$ cat structure15.pdb   # PDB, C-alpha atoms
ATOM      1  CA  ARG A   1     224.816 126.690  68.574  1.00  0.00           C
ATOM      2  CA  LYS A   2     221.890 125.549  70.707  1.00  0.00           C
ATOM      3  CA  GLU A   3     220.000 128.274  72.498  1.00  0.00           C
ATOM      4  CA  VAL A   4     220.259 126.422  75.819  1.00  0.00           C
ATOM      5  CA  GLU A   5     223.146 124.065  76.512  1.00  0.00           C
ATOM      6  CA  GLN A   6     223.704 121.638  79.331  1.00  0.00           C
ATOM      7  CA  ASP A   7     226.176 118.892  80.130  1.00  0.00           C
ATOM      8  CA  PRO A   8     224.124 115.724  79.570  1.00  0.00           C
ATOM      9  CA  GLY A   9     225.964 113.835  82.310  1.00  0.00           C
ATOM     10  CA  PRO A  10     225.285 111.410  83.818  1.00  0.00           C
ATOM     11  CA  PHE A  11     226.403 112.660  87.176  1.00  0.00           C
ATOM     12  CA  ASN A  12     226.717 109.664  89.494  1.00  0.00           C
ATOM     13  CA  VAL A  13     226.943 110.753  93.126  1.00  0.00           C
ATOM     14  CA  PRO A  14     226.554 109.005  96.490  1.00  0.00           C
ATOM     15  CA  GLU A  15     223.759 109.867  98.865  1.00  0.00           C
ATOM     16  CA  GLY A  16     224.606 112.929 100.911  1.00  0.00           C
ATOM     17  CA  ALA A  17     226.851 114.467  98.259  1.00  0.00           C
ATOM     18  CA  THR A  18     226.592 117.986  96.932  1.00  0.00           C
ATOM     19  CA  VAL A  19     226.283 118.281  93.167  1.00  0.00           C
ATOM     20  CA  ALA A  20     226.084 121.278  90.844  1.00  0.00           C
ATOM     21  CA  PHE A  21     224.836 121.644  87.288  1.00  0.00           C
ATOM     22  CA  ASN A  22     225.480 124.536  84.955  1.00  0.00           C
ATOM     23  CA  CYS A  23     223.606 125.688  81.914  1.00  0.00           C
ATOM     24  CA  THR A  24     224.435 128.365  79.355  1.00  0.00           C
ATOM     25  CA  TYR A  25     222.042 130.270  77.142  1.00  0.00           C
ATOM     26  CA  SER A  26     222.832 132.188  73.989  1.00  0.00           C
ATOM     27  CA  ASN A  27     219.959 134.662  73.649  1.00  0.00           C
ATOM     28  CA  SER A  28     220.567 137.748  75.746  1.00  0.00           C
ATOM     29  CA  ALA A  29     216.872 138.586  75.346  1.00  0.00           C
ATOM     30  CA  SER A  30     216.025 135.634  77.589  1.00  0.00           C
ATOM     31  CA  GLN A  31     213.957 136.983  80.401  1.00  0.00           C
ATOM     32  CA  SER A  32     213.031 134.215  82.805  1.00  0.00           C
ATOM     33  CA  PHE A  33     214.889 131.124  83.896  1.00  0.00           C
ATOM     34  CA  PHE A  34     213.848 127.869  85.465  1.00  0.00           C
ATOM     35  CA  TRP A  35     214.890 124.406  86.430  1.00  0.00           C
ATOM     36  CA  TYR A  36     212.479 121.609  85.618  1.00  0.00           C
ATOM     37  CA  ARG A  37     212.828 118.033  86.719  1.00  0.00           C
ATOM     38  CA  GLN A  38     211.883 115.060  84.563  1.00  0.00           C
ATOM     39  CA  ASP A  39     211.756 111.518  85.904  1.00  0.00           C
ATOM     40  CA  CYS A  40     212.190 108.590  83.546  1.00  0.00           C
ATOM     41  CA  ARG A  41     209.148 108.248  81.281  1.00  0.00           C
ATOM     42  CA  LYS A  42     207.335 111.061  83.063  1.00  0.00           C
ATOM     43  CA  GLU A  43     206.398 114.639  82.276  1.00  0.00           C
ATOM     44  CA  PRO A  44     208.607 117.631  83.147  1.00  0.00           C
ATOM     45  CA  LYS A  45     207.732 119.373  86.410  1.00  0.00           C
ATOM     46  CA  LEU A  46     208.789 122.797  87.579  1.00  0.00           C
ATOM     47  CA  LEU A  47     211.468 122.494  90.250  1.00  0.00           C
ATOM     48  CA  MET A  48     212.181 126.163  90.818  1.00  0.00           C
ATOM     49  CA  SER A  49     212.437 129.531  89.184  1.00  0.00           C
ATOM     50  CA  VAL A  50     215.814 131.253  89.066  1.00  0.00           C
ATOM     51  CA  TYR A  51     216.025 134.845  90.216  1.00  0.00           C
ATOM     52  CA  SER A  52     218.764 137.369  89.568  1.00  0.00           C
ATOM     53  CA  SER A  53     219.738 137.528  93.218  1.00  0.00           C
ATOM     54  CA  GLY A  54     219.881 133.747  93.523  1.00  0.00           C
ATOM     55  CA  ASN A  55     217.327 131.731  95.438  1.00  0.00           C
ATOM     56  CA  GLU A  56     217.084 128.700  97.632  1.00  0.00           C
ATOM     57  CA  ASP A  57     214.391 126.113  98.205  1.00  0.00           C
ATOM     58  CA  GLY A  58     215.372 123.625 100.866  1.00  0.00           C
ATOM     59  CA  ARG A  59     218.368 121.657  99.589  1.00  0.00           C
ATOM     60  CA  PHE A  60     218.228 123.341  96.177  1.00  0.00           C
ATOM     61  CA  THR A  61     219.964 126.604  95.302  1.00  0.00           C
ATOM     62  CA  ALA A  62     219.697 128.323  91.942  1.00  0.00           C
ATOM     63  CA  GLN A  63     221.939 131.093  90.652  1.00  0.00           C
ATOM     64  CA  LEU A  64     221.787 133.322  87.584  1.00  0.00           C
ATOM     65  CA  ASN A  65     224.697 135.153  85.995  1.00  0.00           C
ATOM     66  CA  ARG A  66     223.301 137.417  83.278  1.00  0.00           C
ATOM     67  CA  ALA A  67     226.674 138.858  82.303  1.00  0.00           C
ATOM     68  CA  SER A  68     228.064 135.415  81.499  1.00  0.00           C
ATOM     69  CA  GLN A  69     224.679 134.027  80.466  1.00  0.00           C
ATOM     70  CA  TYR A  70     224.630 130.965  82.630  1.00  0.00           C
ATOM     71  CA  ILE A  71     222.486 129.539  85.374  1.00  0.00           C
ATOM     72  CA  SER A  72     223.317 126.897  87.931  1.00  0.00           C
ATOM     73  CA  LEU A  73     221.578 124.465  90.235  1.00  0.00           C
ATOM     74  CA  LEU A  74     223.172 123.194  93.429  1.00  0.00           C
ATOM     75  CA  ILE A  75     221.748 120.204  95.255  1.00  0.00           C
ATOM     76  CA  ARG A  76     222.974 119.580  98.787  1.00  0.00           C
ATOM     77  CA  ASP A  77     222.655 116.348 100.763  1.00  0.00           C
ATOM     78  CA  SER A  78     221.545 114.370  97.707  1.00  0.00           C
ATOM     79  CA  LYS A  79     218.773 111.816  98.176  1.00  0.00           C
ATOM     80  CA  LEU A  80     218.071 108.713  96.132  1.00  0.00           C
ATOM     81  CA  SER A  81     214.825 110.391  95.106  1.00  0.00           C
ATOM     82  CA  ASP A  82     216.781 113.228  93.480  1.00  0.00           C
ATOM     83  CA  SER A  83     217.728 110.841  90.662  1.00  0.00           C
ATOM     84  CA  ALA A  84     216.187 112.376  87.551  1.00  0.00           C
ATOM     85  CA  THR A  85     216.989 114.558  84.564  1.00  0.00           C
ATOM     86  CA  TYR A  86     217.255 118.268  85.323  1.00  0.00           C
ATOM     87  CA  LEU A  87     216.174 120.561  82.523  1.00  0.00           C
ATOM     88  CA  CYS A  88     217.423 124.103  82.219  1.00  0.00           C
ATOM     89  CA  VAL A  89     214.679 126.278  80.745  1.00  0.00           C
ATOM     90  CA  VAL A  90     214.601 129.869  79.542  1.00  0.00           C
ATOM     91  CA  ASN A  91     211.691 132.025  78.469  1.00  0.00           C
ATOM     92  CA  ARG A  92     212.251 134.496  75.670  1.00  0.00           C
ATOM     93  CA  TYR A  93     211.421 138.091  76.351  1.00  0.00           C
ATOM     94  CA  ASN A  94     207.753 138.902  76.000  1.00  0.00           C
ATOM     95  CA  THR A  95     206.737 135.491  74.695  1.00  0.00           C
ATOM     96  CA  ASP A  96     205.088 132.400  76.079  1.00  0.00           C
ATOM     97  CA  LYS A  97     207.793 130.280  74.532  1.00  0.00           C
ATOM     98  CA  LEU A  98     209.948 128.085  76.748  1.00  0.00           C
ATOM     99  CA  ILE A  99     213.291 126.883  75.418  1.00  0.00           C
ATOM    100  CA  PHE A 100     214.435 123.645  77.042  1.00  0.00           C
ATOM    101  CA  GLY A 101     217.951 122.344  77.376  1.00  0.00           C
ATOM    102  CA  THR A 102     218.480 118.665  76.677  1.00  0.00           C
ATOM    103  CA  GLY A 103     218.846 117.990  80.385  1.00  0.00           C
ATOM    104  CA  THR A 104     221.474 116.757  82.820  1.00  0.00           C
ATOM    105  CA  ARG A 105     221.011 113.265  84.135  1.00  0.00           C
ATOM    106  CA  LEU A 106     221.630 112.760  87.865  1.00  0.00           C
ATOM    107  CA  GLN A 107     221.927 109.324  89.433  1.00  0.00           C
ATOM    108  CA  VAL A 108     222.245 109.171  93.221  1.00  0.00           C
ATOM    109  CA  PHE A 109     223.455 105.830  94.561  1.00  0.00           C
ATOM    110  CA  PRO A 110     223.315 104.404  98.111  1.00  0.00           C
TER     111      PRO A 110
ATOM    112  CA  ASP B   1     191.928 115.011  89.886  1.00  0.00           C
ATOM    113  CA  THR B   2     194.111 115.070  86.803  1.00  0.00           C
ATOM    114  CA  ALA B   3     195.033 118.640  85.874  1.00  0.00           C
ATOM    115  CA  VAL B   4     196.254 118.104  82.300  1.00  0.00           C
ATOM    116  CA  SER B   5     195.161 114.842  80.730  1.00  0.00           C
ATOM    117  CA  GLN B   6     196.133 113.417  77.366  1.00  0.00           C
ATOM    118  CA  THR B   7     194.711 110.497  75.457  1.00  0.00           C
ATOM    119  CA  PRO B   8     195.835 108.055  74.380  1.00  0.00           C
ATOM    120  CA  LYS B   9     198.862 107.367  76.586  1.00  0.00           C
ATOM    121  CA  TYR B  10     200.342 105.021  73.982  1.00  0.00           C
ATOM    122  CA  LEU B  11     199.787 105.028  70.238  1.00  0.00           C
ATOM    123  CA  VAL B  12     201.327 102.458  67.923  1.00  0.00           C
ATOM    124  CA  THR B  13     200.471 102.768  64.271  1.00  0.00           C
ATOM    125  CA  GLN B  14     201.806 102.302  60.776  1.00  0.00           C
ATOM    126  CA  MET B  15     203.461 104.786  58.486  1.00  0.00           C
ATOM    127  CA  GLY B  16     201.018 106.702  56.370  1.00  0.00           C
ATOM    128  CA  ASN B  17     198.136 106.576  58.841  1.00  0.00           C
ATOM    129  CA  ASP B  18     196.353 109.608  60.296  1.00  0.00           C
ATOM    130  CA  LYS B  19     195.992 109.884  64.063  1.00  0.00           C
ATOM    131  CA  SER B  20     194.802 112.340  66.703  1.00  0.00           C
ATOM    132  CA  ILE B  21     195.898 113.038  70.265  1.00  0.00           C
ATOM    133  CA  LYS B  22     193.561 114.810  72.656  1.00  0.00           C
ATOM    134  CA  CYS B  23     194.364 117.080  75.568  1.00  0.00           C
ATOM    135  CA  GLU B  24     192.165 118.581  78.227  1.00  0.00           C
ATOM    136  CA  GLN B  25     193.002 120.751  81.230  1.00  0.00           C
ATOM    137  CA  ASN B  26     190.760 121.479  84.197  1.00  0.00           C
ATOM    138  CA  LEU B  27     192.943 124.203  85.696  1.00  0.00           C
ATOM    139  CA  GLY B  28     191.079 127.088  84.123  1.00  0.00           C
ATOM    140  CA  HIS B  29     194.215 128.113  82.217  1.00  0.00           C
ATOM    141  CA  ASP B  30     194.037 130.283  79.116  1.00  0.00           C
ATOM    142  CA  THR B  31     197.071 128.961  77.280  1.00  0.00           C
ATOM    143  CA  MET B  32     197.813 125.460  76.049  1.00  0.00           C
ATOM    144  CA  TYR B  33     200.828 123.964  74.292  1.00  0.00           C
ATOM    145  CA  TRP B  34     202.035 120.946  72.369  1.00  0.00           C
ATOM    146  CA  TYR B  35     205.629 119.791  72.775  1.00  0.00           C
ATOM    147  CA  LYS B  36     207.555 116.988  71.088  1.00  0.00           C
ATOM    148  CA  GLN B  37     210.276 115.072  72.922  1.00  0.00           C
ATOM    149  CA  ASP B  38     212.376 112.969  70.593  1.00  0.00           C
ATOM    150  CA  SER B  39     214.570 109.944  71.260  1.00  0.00           C
ATOM    151  CA  LYS B  40     217.430 112.203  72.350  1.00  0.00           C
ATOM    152  CA  LYS B  41     215.117 113.642  75.014  1.00  0.00           C
ATOM    153  CA  PHE B  42     215.107 117.077  73.399  1.00  0.00           C
ATOM    154  CA  LEU B  43     211.846 118.803  74.308  1.00  0.00           C
ATOM    155  CA  LYS B  44     210.685 121.316  71.739  1.00  0.00           C
ATOM    156  CA  ILE B  45     207.584 123.437  71.502  1.00  0.00           C
ATOM    157  CA  MET B  46     205.359 122.887  68.477  1.00  0.00           C
ATOM    158  CA  PHE B  47     202.248 125.008  69.004  1.00  0.00           C
ATOM    159  CA  SER B  48     200.583 127.227  71.540  1.00  0.00           C
ATOM    160  CA  TYR B  49     197.011 128.476  71.761  1.00  0.00           C
ATOM    161  CA  ASN B  50     195.683 131.229  73.956  1.00  0.00           C
ATOM    162  CA  ASN B  51     191.946 131.110  74.448  1.00  0.00           C
ATOM    163  CA  LYS B  52     191.462 129.196  71.173  1.00  0.00           C
ATOM    164  CA  GLU B  53     193.777 131.496  69.205  1.00  0.00           C
ATOM    165  CA  LEU B  54     197.056 130.205  67.748  1.00  0.00           C
ATOM    166  CA  ILE B  55     199.952 132.235  69.172  1.00  0.00           C
ATOM    167  CA  ILE B  56     202.981 130.028  68.599  1.00  0.00           C
ATOM    168  CA  ASN B  57     203.533 127.957  65.490  1.00  0.00           C
ATOM    169  CA  GLU B  58     207.053 126.635  65.244  1.00  0.00           C
ATOM    170  CA  THR B  59     208.529 125.191  62.088  1.00  0.00           C
ATOM    171  CA  VAL B  60     206.432 122.065  62.091  1.00  0.00           C
ATOM    172  CA  PRO B  61     205.393 120.109  58.968  1.00  0.00           C
ATOM    173  CA  ASN B  62     201.875 120.993  57.900  1.00  0.00           C
ATOM    174  CA  ARG B  63     200.921 117.354  58.413  1.00  0.00           C
ATOM    175  CA  PHE B  64     200.508 118.461  62.039  1.00  0.00           C
ATOM    176  CA  SER B  65     197.324 120.419  62.661  1.00  0.00           C
ATOM    177  CA  PRO B  66     196.298 121.578  66.121  1.00  0.00           C
ATOM    178  CA  LYS B  67     192.702 122.369  66.972  1.00  0.00           C
ATOM    179  CA  SER B  68     191.332 124.132  70.006  1.00  0.00           C
ATOM    180  CA  PRO B  69     187.543 123.874  70.265  1.00  0.00           C
ATOM    181  CA  ASP B  70     187.612 125.772  73.574  1.00  0.00           C
ATOM    182  CA  LYS B  71     190.274 127.006  75.956  1.00  0.00           C
ATOM    183  CA  ALA B  72     190.204 123.782  77.980  1.00  0.00           C
ATOM    184  CA  HIS B  73     190.996 121.546  75.002  1.00  0.00           C
ATOM    185  CA  LEU B  74     193.830 121.365  72.514  1.00  0.00           C
ATOM    186  CA  ASN B  75     193.963 118.433  70.129  1.00  0.00           C
ATOM    187  CA  LEU B  76     196.686 117.460  67.692  1.00  0.00           C
ATOM    188  CA  HIS B  77     195.948 115.738  64.412  1.00  0.00           C
ATOM    189  CA  ILE B  78     198.769 114.204  62.405  1.00  0.00           C
ATOM    190  CA  ASN B  79     198.338 113.188  58.763  1.00  0.00           C
ATOM    191  CA  SER B  80     200.457 110.702  56.820  1.00  0.00           C
ATOM    192  CA  LEU B  81     202.561 109.617  59.774  1.00  0.00           C
ATOM    193  CA  GLU B  82     206.286 109.151  59.163  1.00  0.00           C
ATOM    194  CA  LEU B  83     208.944 107.205  61.047  1.00  0.00           C
ATOM    195  CA  GLY B  84     210.454 110.461  62.303  1.00  0.00           C
ATOM    196  CA  ASP B  85     207.202 111.317  64.064  1.00  0.00           C
ATOM    197  CA  SER B  86     207.954 108.658  66.685  1.00  0.00           C
ATOM    198  CA  ALA B  87     208.344 110.581  69.927  1.00  0.00           C
ATOM    199  CA  VAL B  88     206.607 111.507  73.138  1.00  0.00           C
ATOM    200  CA  TYR B  89     204.125 114.347  72.694  1.00  0.00           C
ATOM    201  CA  PHE B  90     203.385 116.451  75.761  1.00  0.00           C
ATOM    202  CA  CYS B  91     200.491 118.789  76.219  1.00  0.00           C
ATOM    203  CA  ALA B  92     200.870 121.638  78.726  1.00  0.00           C
ATOM    204  CA  SER B  93     198.885 124.584  79.998  1.00  0.00           C
ATOM    205  CA  SER B  94     199.549 127.804  81.847  1.00  0.00           C
ATOM    206  CA  PRO B  95     197.568 130.792  83.061  1.00  0.00           C
ATOM    207  CA  ARG B  96     197.885 134.009  81.127  1.00  0.00           C
ATOM    208  CA  GLY B  97     199.366 136.883  82.997  1.00  0.00           C
ATOM    209  CA  VAL B  98     202.086 139.459  83.268  1.00  0.00           C
ATOM    210  CA  GLY B  99     205.438 137.757  83.208  1.00  0.00           C
ATOM    211  CA  TYR B 100     206.035 134.062  83.023  1.00  0.00           C
ATOM    212  CA  GLN B 101     203.547 131.632  84.474  1.00  0.00           C
ATOM    213  CA  PRO B 102     204.634 128.024  85.144  1.00  0.00           C
ATOM    214  CA  GLN B 103     203.485 125.406  82.683  1.00  0.00           C
ATOM    215  CA  HIS B 104     201.779 122.230  83.833  1.00  0.00           C
ATOM    216  CA  PHE B 105     202.420 119.191  81.684  1.00  0.00           C
ATOM    217  CA  GLY B 106     200.287 116.197  80.876  1.00  0.00           C
ATOM    218  CA  ASP B 107     201.927 112.799  81.263  1.00  0.00           C
ATOM    219  CA  GLY B 108     202.616 112.414  77.556  1.00  0.00           C
ATOM    220  CA  THR B 109     201.506 110.352  74.579  1.00  0.00           C
ATOM    221  CA  ARG B 110     204.091 107.858  73.351  1.00  0.00           C
ATOM    222  CA  LEU B 111     203.743 107.592  69.587  1.00  0.00           C
ATOM    223  CA  SER B 112     205.504 104.735  67.810  1.00  0.00           C
ATOM    224  CA  ILE B 113     205.439 104.439  64.036  1.00  0.00           C
ATOM    225  CA  LEU B 114     206.010 100.993  62.575  1.00  0.00           C
TER     226      LEU B 114
END

$ encode --input "structure15.pdb" --output "structure tokens"
Amino acid sequence: RKEVEQDPGPFNVPEGATVAFNCTYSNSASQSFFWYRQDCRKEPKLLMSVYSSGNEDGRFTAQLNRASQYISLLIRDSKLSDSATYLCVVNRYNTDKLIFGTGTRLQVFP
Amino acid sequence: DTAVSQTPKYLVTQMGNDKSIKCEQNLGHDTMYWYKQDSKKFLKIMFSYNNKELIINETVPNRFSPKSPDKAHLNLHINSLELGDSAVYFCASSPRGVGYQPQHFGDGTRLSIL
């Protein structure tokens, strides 16, 4: 079983739609959680951290459920520019090591 | 100003050759990383150095040898290149501190083995 698992998609949604991605992780020692965004043929970039109480950044909301070991990302009012691959990332306890999911591809169409 | 820069951006070479990829960061970070992203887009850490000291060494063939001459540079040398080495290699850096610090990635080196 992979340490971080995501639905690869693609999710094809119209502009203005709300879309949600989930990610599960297997190592209960995982300490920190993040969503990164990767555009086609570009480097990954940090989108947002995920906090236990849930957090929001504009149109993006992240949630963490430690008991069930999953995190989620909700995107409201999707824009064409949101089209990218969203990577679920966890950091193992007391290490510098990031474990990346394989990503969920989002395509927003007009 | 480029924060994490890698050279070359593209590398096309034949099986059996030896090649190097260079990485430099001007962010003043203490920790640098090499990642490999394969054709299935799976991004996996290979090595990490903190202030020139190796701290993460994943199960990587010993044909891959990282070198960190100073904390702003982390190079990757690959001997006897194989077809399976074709991938995008990303360098990244982060500050050292309590708890997790975000990693900043270079824009990748696309390695193609003929």

$ resolve_selection --input "structure15.pdb" --expression "the ChimeraX specification (/B :<6) & /A" --output "MDAnalysis selection string"
chainID A and resid 42:43 102

$ residues_around --input "structure15.pdb" --residues "Ile78 of chain B" --least-positions-apart "3" --cutoff "7 Å" --atoms "all atoms listed in the file" --output "PyMOL selection string"
chain B and resi 18-20+63-65+81

$ atom_distance --input "structure15.pdb" --atom1 "atom CA of Pro14 of chain A" --atom2 "atom CA of Pro44 of chain A"
24.0 Å

$ resolve_selection --input "structure15.pdb" --expression "the PyMOL selection byres ((chain A and resi 103) around 8)" --output "ChimeraX atom specification"
/A:6-8,85-88,100-102,104-105 /B:41-42

$ closest_residue --input "structure15.pdb" --among "A:Val89, A:Ala20, A:Ala62, A:Leu47" --to "Phe33 of chain A" --atoms "all atoms listed in the file"
A:Val89

$ atom_distance --input "structure15.pdb" --atom1 "atom CA of Asn51 of chain B" --atom2 "atom CA of Ser49 of chain A"
25.3 Å

$ residues_around --input "structure15.pdb" --residues "segment 21-28 of chain A" --least-positions-apart "5" --cutoff "9 Å" --atoms "all atoms listed in the file" --output "list in words"
Arg1, Lys2, Glu3, Val4, Glu5, Gln6, Asp7, Arg66, Ser68, Gln69, Tyr70, Ile71, Ser72, Leu73, Leu74, Ile75, Tyr86, Cys88, Val90, Arg92, Gly101 and Thr104 of chain A

$ atom_distance --input "structure15.pdb" --atom1 "atom CA of Asp85 of chain B" --atom2 "atom CA of Tyr10 of chain B"
13.6 Å

$ resolve_selection --input "structure15.pdb" --expression "the PyMOL selection byres ((chain B and resi 75) around 6)" --output "compact mmCIF listing (two decimals) with C-alpha atoms, in the frame of the given file"
# COMPACT_ATOMS: atom_id res chain seq x y z
CA ILE B 21 195.90 113.04 70.26
CA LYS B 22 193.56 114.81 72.66
CA CYS B 23 194.36 117.08 75.57
CA PRO B 66 196.30 121.58 66.12
CA LYS B 67 192.70 122.37 66.97
CA LEU B 74 193.83 121.36 72.51
CA LEU B 76 196.69 117.46 67.69

$ closest_residue --input "structure15.pdb" --among "B:Leu83, B:Thr109, B:Asp38, B:Ser93" --to "Asn17 of chain B" --atoms "all atoms listed in the file"
B:Leu83
